[in-house]
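A.B. asks: My questions will all concern the structure given below.
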Amino acid sequence: MPKAYLTDNGIFRFTEYRLDMGKLLENAVLQELCKIGLEPNRDIFYWRDNTGKEVDFIIREERIKQLFQVTYASDAGEIENREIESMLKASNQLNCNNLNMITWDYEDEKRYANKTIKFTPFWKWAINLHHTH
């Protein structure tokens, strides 16, 4: 199943009855990736296995370069285990160790099963993204 995104979070917010901050944040991450010249289905993909585990964004430039999971979390306790498990499984299958969790405002770096996941608040990630590209 393809994932659908809008180019404007205002349209999404206008058409949805309930506020889903997780979807809005995920959509905002895609918008920022597109602003630096990456394109869906060329550079940006998502990963899902047969058990339903998924990673929101896979960045590919000749090879898999980065994995991004997006979660509306303000502290470590709000991040669901399935988010971590999905990231680790995709990392193994795609042979990529650049693992990034974009959060609302939680920042840290943690090791899981000999892999490091970097947790970065959206605002900080977006600023750094535009400074490095």
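Naming scheme: A, B, ... for chains in displayed order of the structure tokens; residues 1 onward per chain; ligands 1 onward as shown.
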Could you build a table of the residues in region 54-76 of chain A lying no more than 7 Å from region 24-47 of chain A, giving for each the nearest pair of atoms and their separation in Å rounded to one decimal place, using only C-alpha atoms, ordered by chain and ascending residue number, as a Markdown table?
C.D. replies:
| residue | atom | partner | partner_atom | distance |
| --- | --- | --- | --- | --- |
| A:Glu54 | CA | A:Trp47 | CA | 5.3 |
| A:Val55 | CA | A:Trp47 | CA | 5.2 |
| A:Asp56 | CA | A:Tyr46 | CA | 5.2 |
| A:Phe57 | CA | A:Tyr46 | CA | 4.7 |
| A:Ile58 | CA | A:Phe45 | CA | 4.9 |
| A:Ile59 | CA | A:Ile44 | CA | 4.9 |
| A:Arg60 | CA | A:Asp43 | CA | 5.0 |
| A:Glu61 | CA | A:Asp43 | CA | 6.2 |
| A:Val70 | CA | A:Glu26 | CA | 5.7 |
| A:Tyr72 | CA | A:Leu25 | CA | 7.0 |
A.B. asks: Any chance you can output those residues with N, CA and C atoms as a PDB file, in the first residue's frame?
C.D. replies:
ATOM      1  N   GLU A  54       7.049  -1.056  10.287  1.00  0.00           N
ATOM      2  CA  GLU A  54       7.396  -0.105   9.237  1.00  0.00           C
ATOM      3  C   GLU A  54       8.314   0.992   9.744  1.00  0.00           C
ATOM      4  N   VAL A  55       9.045   1.564   8.796  1.00  0.00           N
ATOM      5  CA  VAL A  55       9.877   2.732   9.046  1.00  0.00           C
ATOM      6  C   VAL A  55       9.362   3.814   8.102  1.00  0.00           C
ATOM      7  N   ASP A  56       9.170   5.009   8.631  1.00  0.00           N
ATOM      8  CA  ASP A  56       8.496   6.074   7.896  1.00  0.00           C
ATOM      9  C   ASP A  56       9.249   6.546   6.659  1.00  0.00           C
ATOM     10  N   PHE A  57      10.570   6.748   6.779  1.00  0.00           N
ATOM     11  CA  PHE A  57      11.315   7.269   5.635  1.00  0.00           C
ATOM     12  C   PHE A  57      12.655   6.572   5.491  1.00  0.00           C
ATOM     13  N   ILE A  58      12.905   6.088   4.297  1.00  0.00           N
ATOM     14  CA  ILE A  58      14.186   5.518   3.904  1.00  0.00           C
ATOM     15  C   ILE A  58      14.768   6.496   2.887  1.00  0.00           C
ATOM     16  N   ILE A  59      15.979   6.977   3.133  1.00  0.00           N
ATOM     17  CA  ILE A  59      16.635   7.880   2.194  1.00  0.00           C
ATOM     18  C   ILE A  59      17.674   7.073   1.419  1.00  0.00           C
ATOM     19  N   ARG A  60      17.524   7.085   0.109  1.00  0.00           N
ATOM     20  CA  ARG A  60      18.427   6.324  -0.753  1.00  0.00           C
ATOM     21  C   ARG A  60      19.094   7.249  -1.758  1.00  0.00           C
ATOM     22  N   GLU A  61      20.387   7.238  -1.755  1.00  0.00           N
ATOM     23  CA  GLU A  61      21.200   7.957  -2.741  1.00  0.00           C
ATOM     24  C   GLU A  61      22.261   6.966  -3.201  1.00  0.00           C
ATOM     25  N   VAL A  70       9.340   8.679  12.689  1.00  0.00           N
ATOM     26  CA  VAL A  70       8.789   9.924  13.231  1.00  0.00           C
ATOM     27  C   VAL A  70       7.795   9.567  14.322  1.00  0.00           C
ATOM     28  N   TYR A  72       5.552  11.441  17.704  1.00  0.00           N
ATOM     29  CA  TYR A  72       5.189  12.628  18.477  1.00  0.00           C
ATOM     30  C   TYR A  72       5.429  12.305  19.953  1.00  0.00           C
TER      31      TYR A  72
END
A.B. asks: Could you pull out the strand (DSSP E) residues of chain A from DSSP and send them as a ChimeraX atom specification?
C.D. replies: /A:44-48,54-61,63-70,99-103,108-112,115-121
A.B. asks: Can you list, as a list in words, every protein, DNA or RNA residue that comes within 6 Å of Ile117 (chain A) when you count only C-alpha atoms, leaving out same-chain residues fewer than 2 positions away?
C.D. replies: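 Near Ile117 (chain A), the qualifying residues are Leu99, Asn100, Glu109 and Lys110 of chain A.
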A.B. asks: Kindly export the residues of the current selection with N, CA, C and O atoms, as a PDB file, in the first residue's frame.
C.D. replies:
ATOM      1  N   LEU A  99      20.555   5.596  11.924  1.00  0.00           N
ATOM      2  CA  LEU A  99      19.183   5.454  12.428  1.00  0.00           C
ATOM      3  C   LEU A  99      18.761   6.703  13.186  1.00  0.00           C
ATOM      4  O   LEU A  99      19.413   7.102  14.154  1.00  0.00           O
ATOM      5  N   ASN A 100      17.665   7.304  12.748  1.00  0.00           N
ATOM      6  CA  ASN A 100      17.205   8.581  13.298  1.00  0.00           C
ATOM      7  C   ASN A 100      15.742   8.520  13.674  1.00  0.00           C
ATOM      8  O   ASN A 100      14.904   8.117  12.868  1.00  0.00           O
ATOM      9  N   GLU A 109      20.613   9.842  22.547  1.00  0.00           N
ATOM     10  CA  GLU A 109      21.221   8.846  21.670  1.00  0.00           C
ATOM     11  C   GLU A 109      21.307   7.579  22.500  1.00  0.00           C
ATOM     12  O   GLU A 109      21.871   7.591  23.592  1.00  0.00           O
ATOM     13  N   LYS A 110      20.716   6.483  22.001  1.00  0.00           N
ATOM     14  CA  LYS A 110      20.676   5.242  22.768  1.00  0.00           C
ATOM     15  C   LYS A 110      21.113   4.069  21.912  1.00  0.00           C
ATOM     16  O   LYS A 110      20.904   4.063  20.704  1.00  0.00           O
TER      17      LYS A 110
END
A.B. asks: Apply DSSP to the backbone of this structure and, from chain A, keep only the residues in alpha helix (DSSP H); write these as a count of residues only.
C.D. replies: 47
A.B. asks: Counting only C-alpha atoms, what is within 9 Å of Thr103 (chain A), bar same-chain residues fewer than 5 positions away, as JSON, numbers by chain?
C.D. replies: {"A": [25, 69, 70, 71, 72, 73, 74, 75, 79, 119, 120, 121, 122]}
A.B. asks: Would you save the residues from that selection as a CSV table (one decimal), in the first residue's frame, using N, CA, C and O atoms?
C.D. replies:
chain,number,residue,atom,x,y,z
A,25,LEU,N,3.3,15.7,12.1
A,25,LEU,CA,4.7,15.7,12.3
A,25,LEU,C,5.4,14.9,11.1
A,25,LEU,O,6.3,15.4,10.5
A,69,GLN,N,12.4,7.4,11.6
A,69,GLN,CA,11.1,7.1,12.2
A,69,GLN,C,10.6,8.4,12.8
A,69,GLN,O,11.4,9.1,13.4
A,70,VAL,N,9.3,8.7,12.7
A,70,VAL,CA,8.8,9.9,13.2
A,70,VAL,C,7.8,9.6,14.3
A,70,VAL,O,6.9,8.7,14.1
A,71,THR,N,8.0,10.2,15.5
A,71,THR,CA,7.1,9.9,16.6
A,71,THR,C,6.8,11.2,17.4
A,71,THR,O,7.7,12.0,17.6
A,72,TYR,N,5.6,11.4,17.7
A,72,TYR,CA,5.2,12.6,18.5
A,72,TYR,C,5.4,12.3,20.0
A,72,TYR,O,4.5,12.0,20.7
A,73,ALA,N,6.7,12.4,20.4
A,73,ALA,CA,7.1,12.0,21.7
A,73,ALA,C,7.8,13.2,22.4
A,73,ALA,O,8.7,13.8,21.7
A,74,SER,N,7.6,13.3,23.7
A,74,SER,CA,8.3,14.4,24.4
A,74,SER,C,9.3,13.8,25.4
A,74,SER,O,10.1,14.5,26.0
A,75,ASP,N,9.2,12.5,25.6
A,75,ASP,CA,10.2,11.8,26.5
A,75,ASP,C,10.3,10.3,26.1
A,75,ASP,O,9.5,9.8,25.3
A,79,ILE,N,7.8,6.8,23.6
A,79,ILE,CA,8.2,6.1,22.4
A,79,ILE,C,7.9,4.6,22.5
A,79,ILE,O,8.4,3.9,23.4
A,119,PHE,N,17.9,10.3,18.7
A,119,PHE,CA,16.6,10.9,18.9
A,119,PHE,C,16.8,12.4,18.8
A,119,PHE,O,17.5,13.0,19.6
A,120,THR,N,16.1,13.1,17.9
A,120,THR,CA,16.2,14.5,17.7
A,120,THR,C,14.9,15.2,17.5
A,120,THR,O,14.0,14.8,16.8
A,121,PRO,N,14.7,16.3,18.3
A,121,PRO,CA,13.5,17.1,18.1
A,121,PRO,C,13.3,17.6,16.7
A,121,PRO,O,14.3,18.0,16.0
A,122,PHE,N,12.1,17.7,16.2
A,122,PHE,CA,11.9,18.1,14.8
A,122,PHE,C,12.5,19.4,14.5
A,122,PHE,O,13.2,19.6,13.5
A.B. asks: Restricting the calculation to only C-alpha atoms, which member of A:Lys53, A:Ile64, A:Asp108, A:Ile102 is positioned closest to Met87 (chain A)?
C.D. replies: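 Smallest distance to Met87 (chain A) is found for A:Lys53.
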A.B. asks: Can you work out which one of A:Leu88, A:His130, A:Phe68, A:Gly52 has the shortest atom-to-atom distance to Met101 (chain A), counting only C-alpha atoms?
C.D. replies: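 Among the listed residues, the smallest separation from Met101 (chain A) belongs to A:Phe68.
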A.B. asks: CA of Glu78 (chain A) to CA of Asn95 (chain A): how many Å, to one decimal?
C.D. replies: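 For CA of Glu78 (chain A) relative to CA of Asn95 (chain A), the distance reads 27.1 Å.
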